[in-house]
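The file run_30.cif contains mmCIF, C-alpha atoms and all ligand atoms:
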data_model
#
loop_
_atom_site.group_PDB
_atom_site.id
_atom_site.type_symbol
_atom_site.label_atom_id
_atom_site.label_comp_id
_atom_site.auth_asym_id
_atom_site.auth_seq_id
_atom_site.Cartn_x
_atom_site.Cartn_y
_atom_site.Cartn_z
ATOM 1 C CA MET I 11 104.651 96.001 77.827
ATOM 2 C CA LEU I 12 108.201 95.764 79.204
ATOM 3 C CA LEU I 13 106.944 96.905 82.602
ATOM 4 C CA GLU I 14 104.274 94.223 82.571
ATOM 5 C CA GLN I 15 106.882 91.592 81.602
ATOM 6 C CA LEU I 16 109.191 92.661 84.435
ATOM 7 C CA LYS I 17 106.297 92.377 86.854
ATOM 8 C CA GLU I 18 105.441 88.900 85.555
ATOM 9 C CA ALA I 19 109.080 87.749 85.788
ATOM 10 C CA VAL I 20 109.098 88.603 89.511
ATOM 11 C CA ILE I 21 105.753 86.911 90.099
ATOM 12 C CA ASN I 22 106.965 83.800 88.249
ATOM 13 C CA GLY I 23 110.377 83.886 89.954
ATOM 14 C CA ASP I 24 111.872 83.529 86.475
ATOM 15 C CA GLN I 25 115.557 84.461 86.674
ATOM 16 C CA ASP I 26 116.375 83.680 83.011
ATOM 17 C CA GLU I 27 113.515 85.813 81.722
ATOM 18 C CA LEU I 28 114.449 88.542 84.171
ATOM 19 C CA LYS I 29 118.034 88.674 82.901
ATOM 20 C CA VAL I 30 116.774 89.006 79.309
ATOM 21 C CA LEU I 31 114.371 91.779 80.311
ATOM 22 C CA CYS I 32 117.025 93.670 82.284
ATOM 23 C CA GLY I 33 119.225 93.407 79.172
ATOM 24 C CA ARG I 34 116.443 95.056 77.201
ATOM 25 C CA VAL I 35 116.083 97.815 79.803
ATOM 26 C CA LEU I 36 119.788 98.568 79.308
ATOM 27 C CA ASP I 37 119.892 98.139 75.485
ATOM 28 C CA GLU I 38 116.735 100.127 74.803
ATOM 29 C CA LYS I 39 117.813 102.813 77.275
ATOM 30 C CA PHE I 40 114.567 102.356 79.134
ATOM 31 C CA ASN I 41 114.364 104.511 82.276
ATOM 32 C CA PRO I 42 115.715 102.131 84.981
ATOM 33 C CA VAL I 43 113.874 103.929 87.767
ATOM 34 C CA GLU I 44 110.617 103.370 85.921
ATOM 35 C CA ALA I 45 111.567 99.697 85.428
ATOM 36 C CA VAL I 46 112.082 99.237 89.162
ATOM 37 C CA GLN I 47 109.176 101.275 90.453
ATOM 38 C CA ASN I 48 106.501 100.403 87.919
ATOM 39 C CA GLY I 49 107.664 96.917 86.938
ATOM 40 C CA LEU I 50 109.659 94.978 89.494
ATOM 41 C CA ILE I 51 108.058 96.429 92.608
ATOM 42 C CA LYS I 52 104.569 95.925 91.212
ATOM 43 C CA GLY I 53 105.554 92.262 90.838
ATOM 44 C CA ILE I 54 106.718 91.787 94.415
ATOM 45 C CA GLU I 55 103.665 93.654 95.705
ATOM 46 C CA GLU I 56 101.378 91.396 93.704
ATOM 47 C CA LEU I 57 103.264 88.336 94.925
ATOM 48 C CA GLY I 58 102.908 89.515 98.527
ATOM 49 C CA ARG I 59 99.182 90.000 97.975
ATOM 50 C CA LEU I 60 98.741 86.556 96.412
ATOM 51 C CA TRP I 61 100.741 85.004 99.262
ATOM 52 C CA THR I 62 98.672 86.800 101.920
ATOM 53 C CA GLU I 63 95.509 85.537 100.243
ATOM 54 C CA GLY I 64 96.832 81.991 100.132
ATOM 55 C CA GLU I 65 97.066 81.842 96.347
ATOM 56 C CA MET I 66 100.868 81.497 96.325
ATOM 57 C CA PHE I 67 103.264 79.642 98.575
ATOM 58 C CA LEU I 68 106.223 80.903 100.528
ATOM 59 C CA PRO I 69 108.839 79.505 98.104
ATOM 60 C CA ASP I 70 107.197 81.623 95.383
ATOM 61 C CA VAL I 71 107.742 84.718 97.505
ATOM 62 C CA MET I 72 111.353 83.706 98.143
ATOM 63 C CA MET I 73 111.983 83.177 94.432
ATOM 64 C CA GLY I 74 110.348 86.501 93.617
ATOM 65 C CA ALA I 75 112.509 88.242 96.217
ATOM 66 C CA ASP I 76 115.635 86.606 94.728
ATOM 67 C CA VAL I 77 114.647 87.723 91.239
ATOM 68 C CA LEU I 78 114.052 91.270 92.470
ATOM 69 C CA LYS I 79 117.456 91.289 94.137
ATOM 70 C CA LEU I 80 119.127 90.011 90.979
ATOM 71 C CA ALA I 81 117.423 92.747 88.954
ATOM 72 C CA LEU I 82 118.594 95.405 91.391
ATOM 73 C CA ASP I 83 122.148 94.056 91.048
ATOM 74 C CA ILE I 84 121.958 94.237 87.229
ATOM 75 C CA LEU I 85 120.266 97.646 87.075
ATOM 76 C CA GLY I 86 122.149 99.097 90.066
ATOM 77 C CA PRO I 87 124.837 100.932 88.044
ATOM 78 C CA GLU I 88 122.173 102.383 85.727
ATOM 79 C CA LEU I 89 120.097 103.517 88.690
ATOM 80 C CA ALA I 90 123.156 105.294 90.067
ATOM 81 C CA LYS I 91 123.765 106.953 86.665
ATOM 82 C CA ALA I 92 120.136 108.004 86.467
ATOM 83 C CA GLU I 93 120.601 109.630 89.818
ATOM 84 C CA ALA I 94 123.757 111.409 88.640
ATOM 85 C CA ALA I 95 121.944 112.617 85.521
ATOM 86 C CA GLY I 96 119.238 114.063 87.699
ATOM 87 C CA ILE I 97 116.546 111.686 86.512
ATOM 88 C CA LYS I 98 113.993 111.634 89.292
ATOM 89 C CA ARG I 99 115.822 109.545 91.848
ATOM 90 C CA ASP I 100 116.811 111.555 94.880
ATOM 91 C CA VAL I 101 118.355 109.695 97.760
ATOM 92 C CA LYS I 102 115.527 110.226 100.165
ATOM 93 C CA GLY I 103 117.494 109.237 103.245
ATOM 94 C CA ARG I 104 119.888 106.713 104.726
ATOM 95 C CA ILE I 105 118.606 103.570 106.374
ATOM 96 C CA VAL I 106 120.392 100.938 108.427
ATOM 97 C CA ILE I 107 118.364 97.731 108.406
ATOM 98 C CA GLY I 108 118.872 94.241 109.764
ATOM 99 C CA THR I 109 117.390 91.267 111.562
ATOM 100 C CA VAL I 110 117.914 91.403 115.318
ATOM 101 C CA LYS I 111 120.212 89.241 117.426
ATOM 102 C CA GLY I 112 119.143 85.606 117.820
ATOM 103 C CA ASP I 113 117.003 85.732 114.691
ATOM 104 C CA ILE I 114 117.953 84.374 111.271
ATOM 105 C CA HIS I 115 114.713 85.063 109.373
ATOM 106 C CA ASP I 116 115.507 87.407 106.511
ATOM 107 C CA ILE I 117 112.998 86.939 103.714
ATOM 108 C CA GLY I 118 110.718 89.798 104.771
ATOM 109 C CA LYS I 119 113.674 91.958 105.741
ATOM 110 C CA ASN I 120 115.239 91.395 102.315
ATOM 111 C CA ILE I 121 112.035 92.416 100.570
ATOM 112 C CA VAL I 122 111.762 95.549 102.684
ATOM 113 C CA SER I 123 115.444 96.294 102.108
ATOM 114 C CA ALA I 124 115.199 95.806 98.321
ATOM 115 C CA MET I 125 112.099 97.970 98.121
ATOM 116 C CA MET I 126 113.719 100.702 100.204
ATOM 117 C CA THR I 127 116.647 100.725 97.762
ATOM 118 C CA ALA I 128 114.306 100.758 94.797
ATOM 119 C CA ALA I 129 112.276 103.562 96.381
ATOM 120 C CA GLY I 130 115.373 105.749 96.438
ATOM 121 C CA TYR I 131 116.892 105.252 99.895
ATOM 122 C CA GLU I 132 120.547 104.529 100.561
ATOM 123 C CA VAL I 133 120.251 101.238 102.404
ATOM 124 C CA HIS I 134 122.875 99.620 104.613
ATOM 125 C CA ASP I 135 121.707 96.060 105.180
ATOM 126 C CA LEU I 136 123.527 94.413 108.082
ATOM 127 C CA GLY I 137 122.004 90.994 107.462
ATOM 128 C CA ILE I 138 120.792 88.644 110.187
ATOM 129 C CA ASN I 139 121.539 88.082 113.886
ATOM 130 C CA GLN I 140 122.796 91.602 114.614
ATOM 131 C CA ASP I 141 123.164 93.008 118.121
ATOM 132 C CA VAL I 142 122.159 96.532 119.099
ATOM 133 C CA ALA I 143 125.760 97.784 119.039
ATOM 134 C CA ALA I 144 126.108 96.750 115.383
ATOM 135 C CA PHE I 145 123.018 98.789 114.435
ATOM 136 C CA THR I 146 124.171 101.815 116.426
ATOM 137 C CA GLU I 147 127.745 101.740 115.137
ATOM 138 C CA LYS I 148 126.626 101.499 111.513
ATOM 139 C CA ALA I 149 124.046 104.259 111.986
ATOM 140 C CA GLU I 150 126.702 106.564 113.471
ATOM 141 C CA GLU I 151 129.189 105.653 110.728
ATOM 142 C CA VAL I 152 126.893 106.387 107.771
ATOM 143 C CA GLY I 153 124.842 109.195 109.350
ATOM 144 C CA ALA I 154 121.607 107.256 109.095
ATOM 145 C CA ASP I 155 118.175 108.830 109.302
ATOM 146 C CA ILE I 156 116.359 105.596 110.081
ATOM 147 C CA ILE I 157 117.242 102.368 111.874
ATOM 148 C CA ALA I 158 114.962 99.502 110.803
ATOM 149 C CA LEU I 159 114.720 96.294 112.811
ATOM 150 C CA SER I 160 113.144 93.035 111.734
ATOM 151 C CA ALA I 161 112.174 90.333 114.266
ATOM 152 C CA LEU I 162 110.202 87.183 113.435
ATOM 153 C CA LEU I 163 110.297 85.476 116.826
ATOM 154 C CA THR I 164 108.532 86.470 120.015
ATOM 155 C CA THR I 165 111.807 85.631 121.777
ATOM 156 C CA THR I 166 113.784 88.138 119.690
ATOM 157 C CA MET I 167 111.281 91.032 119.748
ATOM 158 C CA PRO I 168 112.854 92.330 123.013
ATOM 159 C CA GLU I 169 115.961 93.180 120.966
ATOM 160 C CA GLN I 170 113.913 95.916 119.304
ATOM 161 C CA LYS I 171 113.153 97.404 122.708
ATOM 162 C CA LYS I 172 116.807 97.047 123.673
ATOM 163 C CA LEU I 173 117.886 99.108 120.653
ATOM 164 C CA VAL I 174 115.631 102.034 121.634
ATOM 165 C CA GLU I 175 116.943 101.844 125.204
ATOM 166 C CA HIS I 176 120.537 101.596 123.960
ATOM 167 C CA LEU I 177 120.101 104.759 121.854
ATOM 168 C CA LYS I 178 118.562 106.583 124.814
ATOM 169 C CA GLU I 179 121.379 105.501 127.128
ATOM 170 C CA LYS I 180 123.916 106.843 124.653
ATOM 171 C CA GLY I 181 121.921 110.084 124.377
ATOM 172 C CA ILE I 182 121.535 109.717 120.597
ATOM 173 C CA LYS I 183 117.916 108.595 120.237
ATOM 174 C CA GLU I 184 116.899 112.001 118.837
ATOM 175 C CA LYS I 185 119.253 111.529 115.889
ATOM 176 C CA TYR I 186 117.365 108.545 114.515
ATOM 177 C CA LYS I 187 113.901 107.328 113.702
ATOM 178 C CA VAL I 188 113.537 103.707 114.739
ATOM 179 C CA ILE I 189 111.108 101.556 112.796
ATOM 180 C CA ILE I 190 110.248 97.947 113.463
ATOM 181 C CA GLY I 191 108.522 95.064 111.731
ATOM 182 C CA GLY I 192 108.250 91.306 111.377
ATOM 183 C CA GLY I 193 105.526 88.720 111.937
ATOM 184 C CA PRO I 194 104.813 88.940 115.688
ATOM 185 C CA THR I 195 105.262 92.716 115.994
ATOM 186 C CA THR I 196 102.377 95.190 116.220
ATOM 187 C CA GLN I 197 101.709 98.909 116.389
ATOM 188 C CA ASP I 198 101.019 98.455 120.114
ATOM 189 C CA TRP I 199 104.463 96.914 120.587
ATOM 190 C CA ALA I 200 106.037 99.806 118.682
ATOM 191 C CA ASN I 201 104.230 102.291 120.931
ATOM 192 C CA GLU I 202 105.199 100.377 124.052
ATOM 193 C CA ILE I 203 108.920 100.359 123.289
ATOM 194 C CA GLY I 204 109.046 103.943 121.992
ATOM 195 C CA ALA I 205 109.754 103.096 118.354
ATOM 196 C CA ASP I 206 108.840 105.754 115.784
ATOM 197 C CA GLY I 207 106.949 103.459 113.458
ATOM 198 C CA TRP I 208 105.756 99.991 112.545
ATOM 199 C CA SER I 209 104.448 98.448 109.378
ATOM 200 C CA GLU I 210 102.934 95.103 108.573
ATOM 201 C CA THR I 211 103.979 95.172 104.926
ATOM 202 C CA ALA I 212 106.957 96.196 102.804
ATOM 203 C CA GLY I 213 104.847 98.716 100.905
ATOM 204 C CA GLY I 214 103.723 100.183 104.213
ATOM 205 C CA ALA I 215 107.358 100.352 105.339
ATOM 206 C CA ILE I 216 108.206 102.604 102.371
ATOM 207 C CA ALA I 217 105.236 104.882 103.084
ATOM 208 C CA LEU I 218 106.362 105.002 106.716
ATOM 209 C CA CYS I 219 109.923 105.975 105.767
ATOM 210 C CA ASP I 220 108.589 108.626 103.394
ATOM 211 C CA ARG I 221 106.529 110.114 106.228
ATOM 212 C CA LEU I 222 109.394 110.021 108.713
ATOM 213 C CA THR I 223 111.906 111.640 106.349
ATOM 214 C CA ALA I 224 109.533 114.215 104.823
HETATM 215 C C1 LIG I 301 110.634 80.755 106.443
HETATM 216 C C2 LIG I 301 110.616 80.547 107.939
HETATM 217 C C3 LIG I 301 111.780 80.071 108.537
HETATM 218 C C4 LIG I 301 113.086 79.839 107.785
HETATM 219 C C5 LIG I 301 113.782 81.205 107.627
HETATM 220 C C6 LIG I 301 114.495 81.362 106.281
HETATM 221 C C7 LIG I 301 114.940 82.767 106.054
HETATM 222 N N1 LIG I 301 116.038 82.897 105.343
HETATM 223 O O1 LIG I 301 114.351 83.743 106.499
HETATM 224 C C8 LIG I 301 113.826 78.869 108.750
HETATM 225 C C9 LIG I 301 113.483 77.463 108.317
HETATM 226 C C10 LIG I 301 115.353 79.007 108.787
HETATM 227 C C11 LIG I 301 113.163 79.180 110.077
HETATM 228 C C12 LIG I 301 113.727 78.906 111.306
HETATM 229 C C13 LIG I 301 113.048 79.043 112.513
HETATM 230 N N2 LIG I 301 111.758 79.432 112.686
HETATM 231 CO CO1 LIG I 301 110.677 80.170 111.254
HETATM 232 N N3 LIG I 301 109.378 80.628 109.998
HETATM 233 C C14 LIG I 301 109.440 80.806 108.712
HETATM 234 C C15 LIG I 301 108.018 81.169 108.190
HETATM 235 C C16 LIG I 301 107.417 79.915 107.558
HETATM 236 C C17 LIG I 301 107.946 82.286 107.170
HETATM 237 C C18 LIG I 301 108.601 83.599 107.564
HETATM 238 C C19 LIG I 301 108.672 84.493 106.333
HETATM 239 O O2 LIG I 301 109.706 84.572 105.685
HETATM 240 N N4 LIG I 301 107.548 85.104 105.942
HETATM 241 C C20 LIG I 301 107.456 85.838 104.685
HETATM 242 C C21 LIG I 301 107.876 87.271 104.840
HETATM 243 C C22 LIG I 301 107.670 87.996 103.494
HETATM 244 O O3 LIG I 301 107.077 87.876 105.828
HETATM 245 P P1 LIG I 301 107.666 88.671 107.074
HETATM 246 O O4 LIG I 301 109.004 88.141 107.434
HETATM 247 O O5 LIG I 301 106.639 88.760 108.117
HETATM 248 O O6 LIG I 301 107.976 90.117 106.500
HETATM 249 C C23 LIG I 301 106.971 91.027 106.094
HETATM 250 C C24 LIG I 301 106.478 91.937 107.217
HETATM 251 O O7 LIG I 301 106.575 91.364 108.488
HETATM 252 C C25 LIG I 301 107.280 93.186 107.052
HETATM 253 N N5 LIG I 301 108.583 93.300 107.705
HETATM 254 C C26 LIG I 301 109.518 92.359 107.946
HETATM 255 N N6 LIG I 301 110.601 92.896 108.516
HETATM 256 C C27 LIG I 301 110.367 94.201 108.636
HETATM 257 C C28 LIG I 301 111.155 95.219 109.170
HETATM 258 C C29 LIG I 301 110.657 96.506 109.213
HETATM 259 C C30 LIG I 301 111.499 97.591 109.785
HETATM 260 C C31 LIG I 301 109.346 96.782 108.731
HETATM 261 C C32 LIG I 301 108.800 98.155 108.827
HETATM 262 C C33 LIG I 301 108.555 95.767 108.198
HETATM 263 C C34 LIG I 301 109.073 94.489 108.149
HETATM 264 O O8 LIG I 301 107.463 93.271 105.662
HETATM 265 C C35 LIG I 301 107.637 91.965 105.109
HETATM 266 C C36 LIG I 301 107.076 91.943 103.711
HETATM 267 O O9 LIG I 301 105.717 92.257 103.685
HETATM 268 C C37 LIG I 301 107.297 81.589 109.507
HETATM 269 C C38 LIG I 301 105.787 81.365 109.521
HETATM 270 C C39 LIG I 301 105.009 82.550 108.997
HETATM 271 N N7 LIG I 301 103.893 82.281 108.417
HETATM 272 O O10 LIG I 301 105.435 83.691 109.139
HETATM 273 C C40 LIG I 301 108.046 80.777 110.557
HETATM 274 C C41 LIG I 301 108.144 81.309 111.985
HETATM 275 C C42 LIG I 301 108.460 82.786 111.976
HETATM 276 N N8 LIG I 301 109.290 80.571 112.512
HETATM 277 C C43 LIG I 301 109.132 80.205 113.738
HETATM 278 C C44 LIG I 301 110.079 79.462 114.494
HETATM 279 C C45 LIG I 301 109.650 79.033 115.887
HETATM 280 C C46 LIG I 301 111.355 79.159 113.969
HETATM 281 C C47 LIG I 301 112.465 78.393 114.681
HETATM 282 C C48 LIG I 301 112.686 78.745 116.166
HETATM 283 C C49 LIG I 301 112.174 76.889 114.484
HETATM 284 C C50 LIG I 301 113.108 75.970 115.242
HETATM 285 N N9 LIG I 301 112.546 75.374 116.254
HETATM 286 O O11 LIG I 301 114.257 75.884 114.918
HETATM 287 C C51 LIG I 301 113.706 78.741 113.823
HETATM 288 C C52 LIG I 301 114.378 80.014 114.370
HETATM 289 C C53 LIG I 301 115.759 80.206 113.896
HETATM 290 C C54 LIG I 301 116.243 81.581 114.382
HETATM 291 N N10 LIG I 301 117.093 81.605 115.392
HETATM 292 O O12 LIG I 301 115.852 82.581 113.844
HETATM 293 C C55 LIG I 301 107.793 80.653 114.297
HETATM 294 C C56 LIG I 301 107.903 81.851 115.248
HETATM 295 C C57 LIG I 301 106.955 81.750 116.423
HETATM 296 C C58 LIG I 301 107.078 82.975 117.242
HETATM 297 N N11 LIG I 301 106.081 83.833 117.163
HETATM 298 O O13 LIG I 301 108.038 83.182 117.937
HETATM 299 C C59 LIG I 301 106.984 80.931 112.987
HETATM 300 C C60 LIG I 301 105.896 82.008 113.101
HETATM 301 C C61 LIG I 301 106.340 79.563 112.589
HETATM 302 C C62 LIG I 301 105.274 79.110 113.567
HETATM 303 N N12 LIG I 301 104.019 79.340 113.267
HETATM 304 O O14 LIG I 301 105.574 78.564 114.601
HETATM 305 N N13 LIG I 301 111.939 79.736 109.874
#
In structure tokens, what does this structure look like?
Amino acid sequence: MLLEQLKEAVINGDQDELKVLCGRVLDEKFNPVEAVQNGLIKGIEELGRLWTEGEMFLPDVMMGADVLKLALDILGPELAKAEAAGIKRDVKGRIVIGTVKGDIHDIGKNIVSAMMTAAGYEVHDLGINQDVAAFTEKAEEVGADIIALSALLTTTMPEQKKLVEHLKEKGIKEKYKVIIGGGPTTQDWANEIGADGWSETAGGAIALCDRLTA
């Protein structure tokens, strides 16, 4: 019931309801990992599906993403405690993610980033308009396993290629798996630039990360 309500709150983009439900998760000592994985994420997945099928509009997706982010902020400390207590939440790997230089689209990236966090990854989100050096420096600093690049414009896709080249030039490509995504990108583009993976959806991005870090 609570899981279903969490899912609905994301779909409806209902922040007030979400805050009440997160309060219940905390008060009733409901497993926070369960709340994220089988409640909130189900909501954003459903919203993404409805949006793809034209049954919801983009602002609905944005509101859902905001609600999901808010929930992760509220439940964050509990998720960390669950991890400390050994409740099934291993940090599966470290990911540096961001939107490439020249590009300010971040809705999809934020969804992917939130879902990566919820799926158990340690995520370092650089935000928008980030050059290749920023990705590389952060990845070196935190010992990342994966560098994830979002690009929504055909004019900014070349930044994804530049990152792979930059890593090769520095002789550190082997240390990282590079994954890419965003509207105009394709598996062919990923192959062409030597990226390690591509996904069209946020759910697919998690499956991809799981494969690459297995
Ligand atoms: C919202 C939007 C904006 C907003 C962005 C707000 C924000 N905070 O992000 C605003 C209004 C600011 C904007 C600006 C512009 N936009 Co715009 N925008 C869009 C729009 C309508 C939706 C994009 C979106 O958020 N989709 C929803 C999310 C959920 O989908 P997504 O980003 O694709 O992400 C999913 C997957 O791709 C994947 N994914 C995403 N990132 C990653 C990363 C990894 C690693 C992985 C594995 C997967 C993954 O998972 C996500 C979830 O499933 C699109 C049209 C469209 N239908 O896509 C145009 C669009 C992207 N914009 C476009 C353009 C041209 C612009 C502008 C240049 C317009 C202008 N002349 O100023 C500027 C560019 C500014 C800049 N420098 O970046 C064009 C791009 C054309 C092209 N192919 O180059 C589009 C396609 C519209 C069009 N049909 O012409 N835009």
Original post:
Excluding same-chain residues fewer than 5 positions from segment 122-135 of chain I, what lies within 6 Å of it counting all atoms listed in the file, as a PyMOL selection string?
Top reply: chain I and resi 99+101-108+212
Quick one: residues within 7 Å of segment 114-117 of chain I, only C-alpha atoms counted, chain neighbours fewer than 3 positions away excluded, as an mmCIF file with C-alpha atoms, in the frame of the given file?
data_model
loop_
_atom_site.group_PDB
_atom_site.id
_atom_site.type_symbol
_atom_site.label_atom_id
_atom_site.label_comp_id
_atom_site.auth_asym_id
_atom_site.auth_seq_id
_atom_site.Cartn_x
_atom_site.Cartn_y
_atom_site.Cartn_z
ATOM 1 C CA MET I 72 111.353 83.706 98.143
ATOM 2 C CA THR I 109 117.390 91.267 111.562
ATOM 3 C CA ASN I 120 115.239 91.395 102.315
ATOM 4 C CA ILE I 121 112.035 92.416 100.570
ATOM 5 C CA ILE I 138 120.792 88.644 110.187
ATOM 6 C CA ASN I 139 121.539 88.082 113.886
ATOM 7 C CA LEU I 162 110.202 87.183 113.435
#
Subject >> Nearest-residue call for Met11 of chain I, choices I:Ile190, I:Leu173, I:Val35, I:Met73, using only C-alpha atoms >> reply: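 Looking only at the distances to Met11 of chain I, the closest residue turns out to be I:Val35.
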Original post:
What separation in Å, quoted to one decimal, exists between atom CA of Ile203 of chain I and atom C23 of ligand LIG 301 (chain I)?
Top reply: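 Taking atom CA of Ile203 of chain I and atom C23 of ligand LIG 301 (chain I), their separation equals 19.7 Å.
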Check which residues of chain I sit at most 9 Å from ligand LIG 301 (chain I) using only C-alpha atoms and all ligand atoms, and return one row each with the closest pair of atoms and their distance in Å to one decimal, ordered by chain and rising number, as JSON lines.
{"residue": "I:Glu55", "atom": "CA", "partner": "I:LIG301", "partner_atom": "O9", "distance": 8.4}
{"residue": "I:Gly58", "atom": "CA", "partner": "I:LIG301", "partner_atom": "O9", "distance": 6.5}
{"residue": "I:Arg59", "atom": "CA", "partner": "I:LIG301", "partner_atom": "O9", "distance": 9.0}
{"residue": "I:Trp61", "atom": "CA", "partner": "I:LIG301", "partner_atom": "C22", "distance": 8.7}
{"residue": "I:Leu68", "atom": "CA", "partner": "I:LIG301", "partner_atom": "C20", "distance": 6.6}
{"residue": "I:Pro69", "atom": "CA", "partner": "I:LIG301", "partner_atom": "C1", "distance": 8.6}
{"residue": "I:Val71", "atom": "CA", "partner": "I:LIG301", "partner_atom": "C22", "distance": 6.8}
{"residue": "I:Met72", "atom": "CA", "partner": "I:LIG301", "partner_atom": "O2", "distance": 7.8}
{"residue": "I:Ala75", "atom": "CA", "partner": "I:LIG301", "partner_atom": "C22", "distance": 8.7}
{"residue": "I:Ile107", "atom": "CA", "partner": "I:LIG301", "partner_atom": "C30", "distance": 7.0}
{"residue": "I:Gly108", "atom": "CA", "partner": "I:LIG301", "partner_atom": "C28", "distance": 7.8}
{"residue": "I:Thr109", "atom": "CA", "partner": "I:LIG301", "partner_atom": "N6", "distance": 7.6}
{"residue": "I:Lys111", "atom": "CA", "partner": "I:LIG301", "partner_atom": "N10", "distance": 8.5}
{"residue": "I:Gly112", "atom": "CA", "partner": "I:LIG301", "partner_atom": "N10", "distance": 5.1}
{"residue": "I:Asp113", "atom": "CA", "partner": "I:LIG301", "partner_atom": "O12", "distance": 3.5}
{"residue": "I:Ile114", "atom": "CA", "partner": "I:LIG301", "partner_atom": "O12", "distance": 3.8}
{"residue": "I:His115", "atom": "CA", "partner": "I:LIG301", "partner_atom": "O1", "distance": 3.2}
{"residue": "I:Asp116", "atom": "CA", "partner": "I:LIG301", "partner_atom": "O1", "distance": 3.8}
{"residue": "I:Ile117", "atom": "CA", "partner": "I:LIG301", "partner_atom": "O1", "distance": 4.4}
{"residue": "I:Gly118", "atom": "CA", "partner": "I:LIG301", "partner_atom": "O6", "distance": 3.3}
{"residue": "I:Lys119", "atom": "CA", "partner": "I:LIG301", "partner_atom": "N6", "distance": 4.2}
{"residue": "I:Asn120", "atom": "CA", "partner": "I:LIG301", "partner_atom": "N6", "distance": 7.9}
{"residue": "I:Ile121", "atom": "CA", "partner": "I:LIG301", "partner_atom": "C36", "distance": 5.9}
{"residue": "I:Val122", "atom": "CA", "partner": "I:LIG301", "partner_atom": "O8", "distance": 5.7}
{"residue": "I:Ser123", "atom": "CA", "partner": "I:LIG301", "partner_atom": "C28", "distance": 8.3}
{"residue": "I:Ile138", "atom": "CA", "partner": "I:LIG301", "partner_atom": "O12", "distance": 8.6}
{"residue": "I:Asn139", "atom": "CA", "partner": "I:LIG301", "partner_atom": "O12", "distance": 7.9}
{"residue": "I:Ile157", "atom": "CA", "partner": "I:LIG301", "partner_atom": "C30", "distance": 7.8}
{"residue": "I:Ala158", "atom": "CA", "partner": "I:LIG301", "partner_atom": "C30", "distance": 4.1}
{"residue": "I:Leu159", "atom": "CA", "partner": "I:LIG301", "partner_atom": "C30", "distance": 4.6}
{"residue": "I:Ser160", "atom": "CA", "partner": "I:LIG301", "partner_atom": "C28", "distance": 3.9}
{"residue": "I:Ala161", "atom": "CA", "partner": "I:LIG301", "partner_atom": "N6", "distance": 6.5}
{"residue": "I:Leu162", "atom": "CA", "partner": "I:LIG301", "partner_atom": "C42", "distance": 4.9}
{"residue": "I:Leu163", "atom": "CA", "partner": "I:LIG301", "partner_atom": "O13", "distance": 3.4}
{"residue": "I:Thr164", "atom": "CA", "partner": "I:LIG301", "partner_atom": "O13", "distance": 3.9}
{"residue": "I:Thr165", "atom": "CA", "partner": "I:LIG301", "partner_atom": "O13", "distance": 5.9}
{"residue": "I:Thr166", "atom": "CA", "partner": "I:LIG301", "partner_atom": "O13", "distance": 7.8}
{"residue": "I:Met167", "atom": "CA", "partner": "I:LIG301", "partner_atom": "O13", "distance": 8.7}
{"residue": "I:Val188", "atom": "CA", "partner": "I:LIG301", "partner_atom": "C30", "distance": 8.1}
{"residue": "I:Ile189", "atom": "CA", "partner": "I:LIG301", "partner_atom": "C30", "distance": 5.0}
{"residue": "I:Ile190", "atom": "CA", "partner": "I:LIG301", "partner_atom": "C30", "distance": 3.9}
{"residue": "I:Gly191", "atom": "CA", "partner": "I:LIG301", "partner_atom": "C31", "distance": 3.6}
{"residue": "I:Gly192", "atom": "CA", "partner": "I:LIG301", "partner_atom": "O7", "distance": 3.3}
{"residue": "I:Gly193", "atom": "CA", "partner": "I:LIG301", "partner_atom": "O5", "distance": 4.0}
{"residue": "I:Pro194", "atom": "CA", "partner": "I:LIG301", "partner_atom": "N11", "distance": 5.5}
{"residue": "I:Thr195", "atom": "CA", "partner": "I:LIG301", "partner_atom": "O7", "distance": 7.7}
{"residue": "I:Gly207", "atom": "CA", "partner": "I:LIG301", "partner_atom": "C32", "distance": 7.3}
{"residue": "I:Trp208", "atom": "CA", "partner": "I:LIG301", "partner_atom": "C32", "distance": 5.1}
{"residue": "I:Ser209", "atom": "CA", "partner": "I:LIG301", "partner_atom": "C32", "distance": 4.4}
{"residue": "I:Glu210", "atom": "CA", "partner": "I:LIG301", "partner_atom": "C24", "distance": 4.9}
{"residue": "I:Thr211", "atom": "CA", "partner": "I:LIG301", "partner_atom": "O9", "distance": 3.6}
{"residue": "I:Ala212", "atom": "CA", "partner": "I:LIG301", "partner_atom": "O8", "distance": 4.1}
{"residue": "I:Gly213", "atom": "CA", "partner": "I:LIG301", "partner_atom": "O9", "distance": 7.1}
{"residue": "I:Gly214", "atom": "CA", "partner": "I:LIG301", "partner_atom": "C32", "distance": 7.2}
{"residue": "I:Ala215", "atom": "CA", "partner": "I:LIG301", "partner_atom": "C32", "distance": 4.4}
{"residue": "I:Ile216", "atom": "CA", "partner": "I:LIG301", "partner_atom": "C32", "distance": 7.9}
{"residue": "I:Leu218", "atom": "CA", "partner": "I:LIG301", "partner_atom": "C32", "distance": 7.6}
{"residue": "I:Cys219", "atom": "CA", "partner": "I:LIG301", "partner_atom": "C32", "distance": 8.5}
